[in-house]
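Undergrad: Contents of protein-v9.cif (mmCIF, C-alpha atoms and all ligand atoms) are given next:
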data_run
#
loop_
_atom_site.label_atom_id
_atom_site.label_comp_id
_atom_site.auth_asym_id
_atom_site.auth_seq_id
_atom_site.Cartn_x
_atom_site.Cartn_y
_atom_site.Cartn_z
CA MET A 1 -205.80 35.73 -135.13
CA LEU A 2 -202.69 34.58 -133.27
CA ALA A 3 -201.08 37.54 -131.46
CA ASP A 4 -197.49 37.46 -130.19
CA ARG A 5 -198.47 38.48 -126.68
CA ILE A 6 -201.64 39.15 -124.74
CA TRP A 7 -201.74 41.02 -121.44
CA HIS A 8 -204.98 40.32 -119.57
CA ASP A 9 -206.72 40.99 -116.28
CA ALA A 10 -205.47 44.60 -116.47
CA GLN A 11 -207.06 47.87 -115.52
CA MET A 12 -206.33 49.80 -118.66
CA ALA A 13 -206.16 53.60 -118.99
CA THR A 14 -206.46 53.81 -122.79
CA MET A 15 -206.30 57.64 -122.99
CA ARG A 16 -208.74 57.32 -125.89
CA ALA A 17 -210.30 60.66 -126.85
CA ASP A 18 -213.75 59.10 -127.40
CA LEU A 19 -213.91 57.91 -123.77
CA GLU A 20 -214.25 59.95 -120.56
CA GLY A 21 -211.14 61.07 -118.66
CA VAL A 22 -208.29 58.60 -119.07
CA GLY A 23 -210.53 56.10 -120.86
CA LEU A 24 -210.49 53.48 -118.12
CA ILE A 25 -211.49 49.89 -119.01
CA ASP A 26 -211.67 47.17 -116.34
CA ARG A 27 -210.78 43.52 -116.92
CA ALA A 28 -209.02 44.64 -120.05
CA MET A 29 -206.88 42.80 -122.52
CA ILE A 30 -204.17 44.11 -124.85
CA ALA A 31 -202.87 42.01 -127.73
CA SER A 32 -199.74 42.82 -129.74
CA LYS A 33 -198.43 41.47 -133.01
CA ASP A 34 -195.22 42.61 -134.75
CA GLY A 35 -194.87 45.43 -132.23
CA ARG A 36 -198.31 46.91 -132.79
CA ILE A 37 -201.54 46.73 -130.82
CA VAL A 38 -204.08 44.50 -132.55
CA TYR A 39 -206.68 44.69 -129.77
CA ALA A 40 -207.07 46.85 -126.65
CA GLY A 41 -210.36 46.68 -124.81
CA ALA A 42 -212.56 44.68 -122.45
CA LYS A 43 -211.79 40.97 -122.48
CA SER A 44 -215.50 40.30 -122.91
CA ASP A 45 -215.53 42.32 -126.17
CA ALA A 46 -212.45 40.68 -127.69
CA PRO A 47 -212.96 39.18 -131.16
CA SER A 48 -213.53 35.46 -131.06
CA GLY A 49 -210.53 33.57 -132.32
CA LEU A 50 -208.02 36.03 -130.84
CA ASP A 51 -205.32 33.97 -129.17
CA GLY A 52 -201.74 34.66 -128.14
CA LYS A 53 -198.45 32.78 -128.15
CA GLU A 54 -197.80 34.24 -124.68
CA TRP A 55 -200.36 35.25 -122.07
CA ILE A 56 -199.36 37.59 -119.26
CA GLY A 57 -201.66 38.00 -116.26
CA CYS A 58 -201.67 41.52 -114.80
CA HIS A 59 -203.68 40.78 -111.61
CA GLY A 60 -205.61 44.04 -111.86
CA ALA A 61 -202.53 46.25 -112.31
CA LEU A 62 -202.94 49.61 -114.03
CA VAL A 63 -201.66 49.69 -117.62
CA THR A 64 -201.11 52.99 -119.46
CA PRO A 65 -199.40 53.91 -122.71
CA GLY A 66 -195.61 54.19 -122.31
CA LEU A 67 -194.79 57.66 -120.98
CA ILE A 68 -193.77 60.42 -123.40
CA ASP A 69 -191.36 63.20 -122.41
CA CYS A 70 -192.11 65.81 -125.07
CA HIS A 71 -189.56 68.50 -124.06
CA THR A 72 -185.95 67.72 -123.10
CA HIS A 73 -182.45 69.07 -123.68
CA LEU A 74 -180.91 65.69 -122.88
CA VAL A 75 -177.69 65.92 -124.94
CA TYR A 76 -175.14 68.39 -123.56
CA GLY A 77 -171.60 68.60 -122.20
CA GLY A 78 -170.62 69.26 -118.59
CA ASP A 79 -173.09 70.20 -115.88
CA ARG A 80 -173.99 73.31 -113.90
CA SER A 81 -173.82 72.03 -110.31
CA HIS A 82 -171.09 74.59 -109.65
CA GLU A 83 -173.52 77.42 -110.49
CA PHE A 84 -176.13 75.82 -108.26
CA LYS A 85 -173.60 75.86 -105.43
CA MET A 86 -172.77 79.53 -106.11
CA ARG A 87 -176.45 80.48 -106.15
CA LEU A 88 -177.03 78.77 -102.81
CA ALA A 89 -174.03 80.64 -101.40
CA GLY A 90 -175.73 83.90 -102.36
CA ALA A 91 -174.19 84.74 -105.78
CA SER A 92 -176.33 86.84 -108.13
CA TYR A 93 -177.09 85.88 -111.74
CA GLU A 94 -174.73 88.65 -112.81
CA GLU A 95 -171.88 87.22 -110.75
CA ILE A 96 -172.56 83.76 -112.14
CA ALA A 97 -172.60 85.12 -115.69
CA LYS A 98 -169.33 87.00 -115.08
CA SER A 99 -167.68 83.80 -113.85
CA GLY A 100 -168.60 82.17 -117.17
CA GLY A 101 -171.91 80.50 -116.18
CA GLY A 102 -175.27 80.16 -117.92
CA ILE A 103 -176.22 78.63 -121.28
CA LEU A 104 -172.85 79.67 -122.74
CA SER A 105 -170.95 77.54 -120.21
CA THR A 106 -172.94 74.51 -121.43
CA MET A 107 -172.26 75.63 -125.01
CA ARG A 108 -168.51 75.60 -124.39
CA ALA A 109 -168.62 72.17 -122.72
CA THR A 110 -170.79 70.82 -125.57
CA ARG A 111 -168.52 72.17 -128.29
CA VAL A 112 -165.40 70.53 -126.83
CA SER A 113 -167.12 67.13 -126.33
CA ASP A 114 -167.09 64.53 -129.10
CA ASP A 115 -170.00 62.28 -130.05
CA ASP A 116 -168.92 59.46 -127.71
CA GLU A 117 -168.58 61.75 -124.70
CA LEU A 118 -171.95 63.38 -125.30
CA ALA A 119 -173.61 59.99 -125.81
CA TYR A 120 -172.00 58.52 -122.68
CA ASP A 121 -173.39 61.28 -120.45
CA ALA A 122 -176.77 61.46 -122.19
CA LEU A 123 -177.29 57.70 -121.91
CA LYS A 124 -177.15 57.94 -118.10
CA ARG A 125 -179.93 60.52 -118.22
CA LEU A 126 -181.89 58.54 -120.81
CA ASP A 127 -181.61 55.36 -118.73
CA ALA A 128 -183.17 57.20 -115.80
CA LEU A 129 -186.12 58.19 -117.99
CA ILE A 130 -186.45 54.67 -119.39
CA ALA A 131 -186.49 53.23 -115.85
CA ASP A 132 -189.26 55.74 -115.17
CA GLY A 133 -191.49 54.30 -117.93
CA VAL A 134 -190.61 56.55 -120.88
CA THR A 135 -190.87 54.98 -124.35
CA THR A 136 -190.80 58.18 -126.48
CA LEU A 137 -188.90 61.39 -125.85
CA GLU A 138 -187.98 64.59 -127.62
CA ILE A 139 -184.39 65.88 -127.57
CA LYS A 140 -183.43 69.41 -128.61
CA SER A 141 -180.15 70.83 -129.80
CA GLY A 142 -179.40 74.41 -128.71
CA TYR A 143 -176.04 74.11 -126.96
CA GLY A 144 -173.93 73.98 -130.12
CA LEU A 145 -175.04 77.33 -131.60
CA ASP A 146 -173.16 76.73 -134.85
CA LEU A 147 -173.91 74.29 -137.65
CA GLU A 148 -171.20 71.77 -136.77
CA ASN A 149 -172.07 71.51 -133.09
CA GLU A 150 -175.85 71.71 -133.46
CA THR A 151 -175.57 68.87 -135.98
CA LYS A 152 -173.40 66.93 -133.53
CA GLN A 153 -176.03 67.22 -130.80
CA LEU A 154 -178.81 66.05 -133.12
CA ARG A 155 -176.66 63.19 -134.43
CA VAL A 156 -176.04 62.01 -130.87
CA ALA A 157 -179.76 62.31 -130.11
CA ARG A 158 -180.55 60.03 -133.08
CA ARG A 159 -177.85 57.62 -131.92
CA LEU A 160 -179.46 57.32 -128.48
CA GLY A 161 -182.60 56.07 -130.19
CA ASN A 162 -180.56 53.30 -131.81
CA GLU A 163 -178.74 52.33 -128.62
CA ARG A 164 -181.87 51.94 -126.51
CA GLN A 165 -185.43 50.64 -126.95
CA VAL A 166 -186.96 54.10 -127.18
CA ASP A 167 -188.23 56.49 -129.86
CA VAL A 168 -186.31 59.78 -130.08
CA VAL A 169 -187.84 62.83 -131.77
CA THR A 170 -185.27 65.56 -132.53
CA THR A 171 -185.73 69.34 -132.52
CA PHE A 172 -183.37 71.97 -133.91
CA LEU A 173 -182.99 74.85 -131.43
CA ALA A 174 -180.15 77.03 -132.71
CA ALA A 175 -182.25 80.10 -131.77
CA HIS A 176 -181.73 79.29 -128.08
CA ALA A 177 -179.01 81.82 -127.19
CA LEU A 178 -176.54 84.10 -128.93
CA PRO A 179 -173.06 82.55 -129.33
CA PRO A 180 -170.11 84.78 -128.38
CA GLU A 181 -168.73 84.91 -131.95
CA ALA A 182 -171.93 86.76 -133.03
CA GLY A 183 -170.56 89.82 -131.23
CA GLY A 184 -173.91 90.73 -129.71
CA ASP A 185 -175.67 91.00 -133.10
CA LYS A 186 -178.85 88.93 -132.75
CA ASP A 187 -180.24 89.85 -136.17
CA ARG A 188 -177.08 88.70 -137.90
CA TYR A 189 -177.11 85.39 -136.00
CA ILE A 190 -180.76 84.76 -136.91
CA GLU A 191 -179.83 85.49 -140.53
CA LEU A 192 -177.14 82.80 -140.26
CA VAL A 193 -179.62 80.36 -138.70
CA CYS A 194 -182.14 80.95 -141.51
CA ARG A 195 -179.85 81.19 -144.54
CA GLU A 196 -177.20 78.60 -143.71
CA MET A 197 -178.01 76.37 -140.79
CA LEU A 198 -181.70 75.59 -141.27
CA PRO A 199 -181.50 74.65 -144.98
CA GLN A 200 -178.66 72.21 -144.28
CA ILE A 201 -180.39 70.76 -141.23
CA ALA A 202 -183.57 70.27 -143.31
CA ARG A 203 -181.63 68.64 -146.15
CA SER A 204 -179.88 66.22 -143.82
CA GLY A 205 -183.18 65.07 -142.26
CA ILE A 206 -181.57 65.14 -138.81
CA ALA A 207 -184.28 67.28 -137.19
CA ASP A 208 -188.00 66.50 -136.92
CA ALA A 209 -188.98 70.03 -135.83
CA VAL A 210 -187.67 73.54 -135.19
CA ASP A 211 -187.81 75.43 -131.88
CA ALA A 212 -186.80 78.90 -130.67
CA PHE A 213 -186.53 80.77 -127.36
CA CYS A 214 -188.67 83.92 -127.60
CA GLU A 215 -187.82 86.04 -124.57
CA GLY A 216 -186.18 89.34 -123.61
CA ILE A 217 -182.95 87.51 -122.75
CA ALA A 218 -183.11 85.48 -125.99
CA PHE A 219 -184.84 86.39 -129.29
CA SER A 220 -187.63 88.82 -130.19
CA VAL A 221 -191.00 88.04 -131.76
CA GLU A 222 -189.71 89.32 -135.13
CA GLN A 223 -186.55 87.21 -134.98
CA THR A 224 -188.54 84.14 -133.96
CA ALA A 225 -191.03 84.73 -136.80
CA ARG A 226 -188.13 84.84 -139.25
CA VAL A 227 -186.98 81.38 -138.04
CA PHE A 228 -190.54 80.03 -138.27
CA GLU A 229 -191.07 81.39 -141.79
CA THR A 230 -187.91 79.64 -142.92
CA ALA A 231 -188.97 76.39 -141.23
CA ARG A 232 -192.34 76.62 -142.97
CA ILE A 233 -190.70 77.01 -146.39
CA LEU A 234 -188.51 73.99 -145.60
CA GLY A 235 -191.51 71.95 -144.49
CA LEU A 236 -190.49 71.53 -140.83
CA PRO A 237 -193.06 71.86 -138.00
CA VAL A 238 -192.33 74.40 -135.26
CA LYS A 239 -192.63 74.73 -131.46
CA LEU A 240 -191.67 77.55 -129.13
CA HIS A 241 -190.23 78.35 -125.70
CA ALA A 242 -192.82 81.06 -125.02
CA ASP A 243 -193.84 83.46 -122.27
CA GLN A 244 -191.64 81.86 -119.60
CA LEU A 245 -190.28 84.98 -117.90
CA SER A 246 -192.45 87.71 -119.44
CA ASN A 247 -195.38 88.07 -121.83
CA LEU A 248 -194.09 88.76 -125.33
CA GLU A 249 -197.25 87.17 -126.80
CA GLY A 250 -195.16 84.15 -127.77
CA ALA A 251 -198.19 81.87 -127.48
CA ALA A 252 -200.05 83.88 -130.14
CA LEU A 253 -196.96 83.85 -132.36
CA ALA A 254 -196.71 80.05 -132.06
CA ALA A 255 -200.41 79.72 -132.87
CA ARG A 256 -200.05 81.99 -135.92
CA PHE A 257 -197.55 79.51 -137.35
CA GLY A 258 -199.69 76.47 -136.44
CA ALA A 259 -197.01 75.33 -133.98
CA LEU A 260 -197.24 71.81 -132.58
CA SER A 261 -196.73 73.27 -129.12
CA ALA A 262 -195.88 76.36 -127.11
CA ASP A 263 -193.92 75.53 -123.98
CA HIS A 264 -193.55 77.06 -120.45
CA LEU A 265 -196.33 79.72 -120.80
CA GLU A 266 -196.26 81.10 -117.23
CA TYR A 267 -197.01 84.64 -118.52
CA THR A 268 -199.38 83.79 -121.40
CA SER A 269 -202.37 86.14 -121.83
CA GLU A 270 -205.98 85.19 -122.57
CA GLU A 271 -205.49 86.26 -126.20
CA GLY A 272 -202.54 83.88 -126.42
CA ALA A 273 -204.50 81.00 -124.91
CA ALA A 274 -207.46 81.64 -127.22
CA ALA A 275 -205.18 81.70 -130.29
CA MET A 276 -203.62 78.40 -129.21
CA GLY A 277 -207.06 76.87 -128.78
CA ARG A 278 -208.07 77.89 -132.31
CA ALA A 279 -204.81 76.63 -133.81
CA GLY A 280 -204.77 73.33 -131.91
CA THR A 281 -201.35 74.20 -130.45
CA VAL A 282 -200.57 72.13 -127.34
CA ALA A 283 -199.59 73.90 -124.09
CA VAL A 284 -196.53 72.07 -122.77
CA LEU A 285 -196.14 72.94 -119.08
CA LEU A 286 -192.75 72.43 -117.43
CA PRO A 287 -193.14 72.35 -113.64
CA GLY A 288 -189.52 71.26 -113.10
CA ALA A 289 -188.18 74.59 -114.39
CA PHE A 290 -190.90 76.48 -112.49
CA TYR A 291 -189.79 74.71 -109.30
CA PHE A 292 -186.04 74.93 -109.81
CA ILE A 293 -185.87 78.66 -110.63
CA ARG A 294 -188.46 79.32 -107.90
CA GLU A 295 -190.90 81.01 -110.27
CA THR A 296 -194.07 82.19 -108.57
CA LYS A 297 -196.30 82.95 -111.58
CA VAL A 298 -198.34 79.83 -112.34
CA PRO A 299 -199.31 79.21 -116.00
CA PRO A 300 -202.95 80.17 -116.70
CA VAL A 301 -204.36 76.64 -116.61
CA ASP A 302 -207.96 77.89 -116.32
CA LEU A 303 -207.55 79.85 -119.57
CA PHE A 304 -206.18 76.76 -121.33
CA ARG A 305 -209.20 74.79 -120.13
CA LYS A 306 -211.61 77.57 -121.14
CA HIS A 307 -210.17 77.76 -124.66
CA ARG A 308 -209.83 73.99 -125.01
CA VAL A 309 -206.06 74.01 -125.34
CA PRO A 310 -204.61 70.49 -124.94
CA ILE A 311 -202.22 70.40 -121.96
CA ALA A 312 -199.04 68.31 -121.87
CA LEU A 313 -196.35 68.01 -119.18
CA ALA A 314 -192.62 67.37 -119.61
CA THR A 315 -189.35 67.35 -117.67
CA ASP A 316 -187.50 70.07 -119.66
CA CYS A 317 -184.46 68.02 -118.55
CA ASN A 318 -181.54 70.47 -118.92
CA PRO A 319 -178.44 71.39 -116.92
CA GLY A 320 -179.37 74.98 -116.08
CA SER A 321 -183.01 75.39 -115.10
CA SER A 322 -184.41 71.85 -114.77
CA PRO A 323 -182.03 68.98 -113.96
CA LEU A 324 -185.05 66.70 -113.58
CA HIS A 325 -185.09 63.07 -114.77
CA SER A 326 -188.50 61.72 -113.83
CA VAL A 327 -191.82 61.99 -115.68
CA GLN A 328 -193.49 60.36 -112.68
CA LEU A 329 -192.36 63.31 -110.56
CA VAL A 330 -193.54 65.71 -113.29
CA MET A 331 -197.07 64.31 -112.87
CA ASN A 332 -196.94 65.04 -109.14
CA MET A 333 -195.56 68.54 -109.76
CA GLY A 334 -198.24 69.25 -112.37
CA ALA A 335 -200.87 68.40 -109.77
CA THR A 336 -199.25 70.07 -106.78
CA LEU A 337 -197.76 73.21 -108.35
CA PHE A 338 -200.23 73.84 -111.21
CA ARG A 339 -203.38 72.20 -109.74
CA LEU A 340 -203.91 69.95 -112.75
CA THR A 341 -206.41 67.14 -112.26
CA VAL A 342 -205.37 63.48 -112.13
CA GLU A 343 -206.72 63.02 -115.65
CA GLU A 344 -204.84 66.07 -116.97
CA CYS A 345 -201.59 64.82 -115.43
CA LEU A 346 -201.89 61.37 -117.00
CA LEU A 347 -203.08 62.63 -120.39
CA GLY A 348 -200.30 65.24 -120.26
CA VAL A 349 -197.53 62.61 -120.36
CA THR A 350 -199.27 60.31 -122.86
CA ARG A 351 -201.87 61.44 -125.40
CA GLU A 352 -201.25 65.20 -125.27
CA ALA A 353 -197.46 64.73 -125.20
CA ALA A 354 -197.80 62.61 -128.36
CA ARG A 355 -199.87 65.40 -129.91
CA ALA A 356 -197.16 67.95 -128.98
CA LEU A 357 -194.68 65.84 -130.97
CA GLY A 358 -196.96 65.27 -133.95
CA ARG A 359 -196.90 61.52 -133.17
CA LEU A 360 -200.46 60.91 -132.08
CA ASP A 361 -200.99 58.65 -135.09
CA ARG A 362 -198.41 56.21 -133.66
CA VAL A 363 -198.24 56.51 -129.86
CA GLY A 364 -199.94 58.11 -126.85
CA THR A 365 -203.09 55.98 -126.57
CA LEU A 366 -203.86 52.27 -126.36
CA GLU A 367 -205.71 51.55 -129.60
CA ALA A 368 -205.40 49.02 -132.38
CA GLY A 369 -202.80 50.06 -134.95
CA LYS A 370 -200.55 51.99 -132.56
CA HIS A 371 -197.14 50.87 -131.31
CA CYS A 372 -197.51 48.51 -128.37
CA ASN A 373 -195.68 50.75 -125.87
CA LEU A 374 -196.95 50.07 -122.36
CA ALA A 375 -196.20 51.14 -118.81
CA ILE A 376 -197.49 48.66 -116.24
CA TRP A 377 -197.79 50.08 -112.74
CA LYS A 378 -197.71 48.75 -109.19
CA VAL A 379 -200.86 50.72 -108.43
CA GLY A 380 -204.57 50.02 -108.35
CA SER A 381 -205.91 53.38 -109.52
CA PRO A 382 -204.81 56.26 -111.79
CA ALA A 383 -204.80 58.78 -108.91
CA GLU A 384 -201.93 56.91 -107.26
CA LEU A 385 -199.57 57.94 -110.09
CA PRO A 386 -199.49 61.71 -109.45
CA TYR A 387 -200.18 61.18 -105.73
CA ARG A 388 -196.92 59.54 -104.57
CA PHE A 389 -193.52 61.02 -105.24
CA GLY A 390 -189.93 59.95 -104.61
CA ILE A 391 -190.81 56.34 -105.44
CA ASN A 392 -190.66 54.47 -108.72
CA GLN A 393 -194.08 52.87 -109.18
CA LEU A 394 -193.26 51.24 -112.53
CA SER A 395 -193.61 47.48 -112.62
CA ALA A 396 -192.85 46.73 -116.29
CA ARG A 397 -192.15 48.66 -119.48
CA ILE A 398 -193.01 47.34 -122.91
CA TYR A 399 -191.53 48.86 -126.07
CA ARG A 400 -193.09 47.78 -129.37
CA GLY A 401 -194.39 44.59 -127.79
CA THR A 402 -191.13 43.56 -126.15
CA GLY A 403 -189.95 43.80 -122.55
CA GLU A 404 -190.56 42.03 -119.25
CA LEU A 405 -192.94 39.10 -119.30
CA THR A 406 -194.28 39.81 -115.82
CA CYS A 407 -196.72 42.43 -114.66
ZN ZN B 501 -186.56 73.91 -122.72
#
Could you quickly redo this structure as structure tokens?
Ligand SMILES: [Zn+2]
TA:
Amino acid sequence: MLADRIWHDAQMATMRADLEGVGLIDRAMIASKDGRIVYAGAKSDAPSGLDGKEWIGCHGALVTPGLIDCHTHLVYGGDRSHEFKMRLAGASYEEIAKSGGGILSTMRATRVSDDDELAYDALKRLDALIADGVTTLEIKSGYGLDLENETKQLRVARRLGNERQVDVVTTFLAAHALPPEAGGDKDRYIELVCREMLPQIARSGIADAVDAFCEGIAFSVEQTARVFETARILGLPVKLHADQLSNLEGAALAARFGALSADHLEYTSEEGAAAMGRAGTVAVLLPGAFYFIRETKVPPVDLFRKHRVPIALATDCNPGSSPLHSVQLVMNMGATLFRLTVEECLLGVTREAARALGRLDRVGTLEAGKHCNLAIWKVGSPAELPYRFGINQLSARIYRGTGELTC
């Protein structure tokens, strides 16, 4: 077979589930044709007759799947640096809320922005993630909080995927906060989400999944279940912001609905972790938010390991609680703050992140048939990725077989 491109002399972390750890293969070779991997393995095992139009020598560099950021709120208006400044000057959350801060300040800025303005700002954030090695990311709505503006956010998210060499997965998150026009009536707003917004969103095909924020300051278990039941009827997979600030047994709720993932999980109980393990729901840990809001309760990583819950890591890039734009830094934070192993950190931003998006059939590992999305690193061993921070260690990024011709 004549491949389009062959990368050789690489140290490849395949992330294959049938191999140990990150599935390391030395003196490896990866061949791509029409954007897909046709061979990824030891050069010595390559099928005879495999040749390439272009050969790229990697000189022993580490090659991983392109990074996947499986939880972001990348599209929004304005920013919240003013609140950050107030907090540092000693203002309480109450004072910030009274001065118009919080999620609702981002909602107002998002509602008054048009598509071009939202895209212009979001592209700067997306370009930072792309420069970091990201080839797939998830983007949530949740700052529009009405049909028109939630749709606008999702439309802009889709547009970003057309304007850059990156795959965008969209998630509908109207059950993020209560908009002011709801007059404090959460049940009535959830009714609106389920009866009017969700059916139209599903019909338009603009969202790939549905998310909710289950928390004392957001929506209850019953209200979240109502959203999930509607999503199930409409055939959309679900995920959940769960157990971030308190234990409402959000993890168990997500598992009950076969959620792709439950995210945050600082306060998750053993019952919740066990339910996730049985359901195959991925634990998406978000160390950027943990760090930025100075949380002290660490997610129960040992329980996730014990109950064989897949663990992913993501930036949670958002203006309020995690203005973080680097998956490389997320790996370091996962190791330092949550004591994840090197293997867990790398799998968390590749294979398990793909699983959390329901995209493991296409991306997340280096195997024949998958998209040829690669991150080629200026490092000699996997441990160097979560080890250093404040430095971009990416050497080249390949999206569907295209990108730099050097290693
Ligand atoms: Zn989030």
Undergrad: If the limit is 10 Å from any atom of ligand ZN 501 (chain B), counting all atoms listed in the file, which residues qualify? Return them as a PyMOL selection string.
TA: chain A and resi 71-74+139-140+142+173+176+211-213+240-242+244+263-264+286+289+314-318+320-322
Undergrad: Quick check, in Å to one decimal: how far apart do atom CA of Lys85 of chain A and atom CA of Leu313 of chain A lie?
TA: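 So the two atoms, atom CA of Lys85 of chain A and atom CA of Leu313 of chain A, lie 27.7 Å apart.
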Undergrad: Select from segment 55-110 of chain A every residue with an atom at most 10 Å from any atom of segment 24-40 of chain A, then for each give the shortest pair of atoms and their distance in Å to one decimal, using all atoms listed in the file, rows by chain and rising number, as a Markdown table.
TA:
| residue | atom | partner | partner_atom | distance |
| --- | --- | --- | --- | --- |
| A:Trp55 | CA | A:Ala31 | CA | 9.2 |
| A:Ile56 | CA | A:Met29 | CA | 9.7 |
| A:Gly57 | CA | A:Met29 | CA | 9.5 |
| A:Cys58 | CA | A:Met29 | CA | 9.4 |
| A:His59 | CA | A:Arg27 | CA | 9.3 |
| A:Gly60 | CA | A:Arg27 | CA | 7.3 |
| A:Ala61 | CA | A:Arg27 | CA | 9.8 |
| A:Leu62 | CA | A:Asp26 | CA | 9.4 |
| A:Val63 | CA | A:Ala28 | CA | 9.3 |
| A:Thr64 | CA | A:Leu24 | CA | 9.5 |
Undergrad: Between A:Ser48, A:Thr136, A:Ser326, A:Thr106, which has the minimum distance to Leu2 of chain A (counting all atoms listed in the file)?
TA: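 Comparing A:Ser48, A:Thr136, A:Ser326, A:Thr106 against Leu2 of chain A, the winner is A:Ser48.
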Undergrad: Hey, which of A:Asn247, A:Leu260, A:Cys214, A:Met107 ends up closest to Ala353 of chain A? Count all atoms listed in the file.
TA: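 The closest residue to Ala353 of chain A is A:Leu260.
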Undergrad: As an exercise, work out the distance from atom CA of Asp51 of chain A to atom CA of Arg362 of chain A in Å and give it to one decimal place.
TA: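 Separating atom CA of Asp51 of chain A from atom CA of Arg362 of chain A is a distance of 23.7 Å.
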Undergrad: Between atom CA of Arg159 of chain A and atom CA of Val210 of chain A, what distance in Å does the model show, to one decimal?
TA: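 About the pair atom CA of Arg159 of chain A and atom CA of Val210 of chain A: they are 19.0 Å apart.
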Undergrad: Counting all atoms listed in the file, which of A:Ile293, A:Leu374, A:Leu346, A:Ala128 gets nearest to Leu88 of chain A?
TA: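 Nearest candidate to Leu88 of chain A out of A:Ile293, A:Leu374, A:Leu346, A:Ala128: A:Ile293.
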Undergrad: Identify which of the residues A:Leu236, A:Ala202, A:Ile190, A:Leu405 lies closest to Glu222 of chain A, counting all atoms listed in the file when measuring atom-to-atom distances.
TA: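 Ranking A:Leu236, A:Ala202, A:Ile190, A:Leu405 by distance to Glu222 of chain A, first place goes to A:Ile190.
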Undergrad: Which residue out of A:Glu229, A:Asp132, A:Glu249, A:Glu270 has the minimum interatomic distance to Ala375 of chain A when only C-alpha atoms are used?
TA: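 Looking at the shortest contact to Ala375 of chain A, the residue is A:Asp132.
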Undergrad: Counting only C-alpha atoms, what is within 10 Å of Val330 of chain A, bar same-chain residues fewer than 6 positions away, as a list in words?
TA: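 Skipping anything fewer than 6 positions along the chain leaves Asp69, Leu285, Leu286, Pro287, Gly288, Leu313, Ala314, Thr315, Asp316, Leu324, Thr336, Leu337, Cys345, Gly348, Val349, Pro386 and Phe389 of chain A.
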Undergrad: Output C-alpha atoms for every residue in the selection just made, as a PDB file, in the coordinates of the input.
TA:
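again_24.pdb, freshly written:
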ATOM      1  CA  ASP A  69    -191.360  63.200-122.410  1.00  0.00           C
ATOM      2  CA  LEU A 285    -196.140  72.940-119.080  1.00  0.00           C
ATOM      3  CA  LEU A 286    -192.750  72.430-117.430  1.00  0.00           C
ATOM      4  CA  PRO A 287    -193.140  72.350-113.640  1.00  0.00           C
ATOM      5  CA  GLY A 288    -189.520  71.260-113.100  1.00  0.00           C
ATOM      6  CA  LEU A 313    -196.350  68.010-119.180  1.00  0.00           C
ATOM      7  CA  ALA A 314    -192.620  67.370-119.610  1.00  0.00           C
ATOM      8  CA  THR A 315    -189.350  67.350-117.670  1.00  0.00           C
ATOM      9  CA  ASP A 316    -187.500  70.070-119.660  1.00  0.00           C
ATOM     10  CA  LEU A 324    -185.050  66.700-113.580  1.00  0.00           C
ATOM     11  CA  THR A 336    -199.250  70.070-106.780  1.00  0.00           C
ATOM     12  CA  LEU A 337    -197.760  73.210-108.350  1.00  0.00           C
ATOM     13  CA  CYS A 345    -201.590  64.820-115.430  1.00  0.00           C
ATOM     14  CA  GLY A 348    -200.300  65.240-120.260  1.00  0.00           C
ATOM     15  CA  VAL A 349    -197.530  62.610-120.360  1.00  0.00           C
ATOM     16  CA  PRO A 386    -199.490  61.710-109.450  1.00  0.00           C
ATOM     17  CA  PHE A 389    -193.520  61.020-105.240  1.00  0.00           C
TER      18      PHE A 389
END
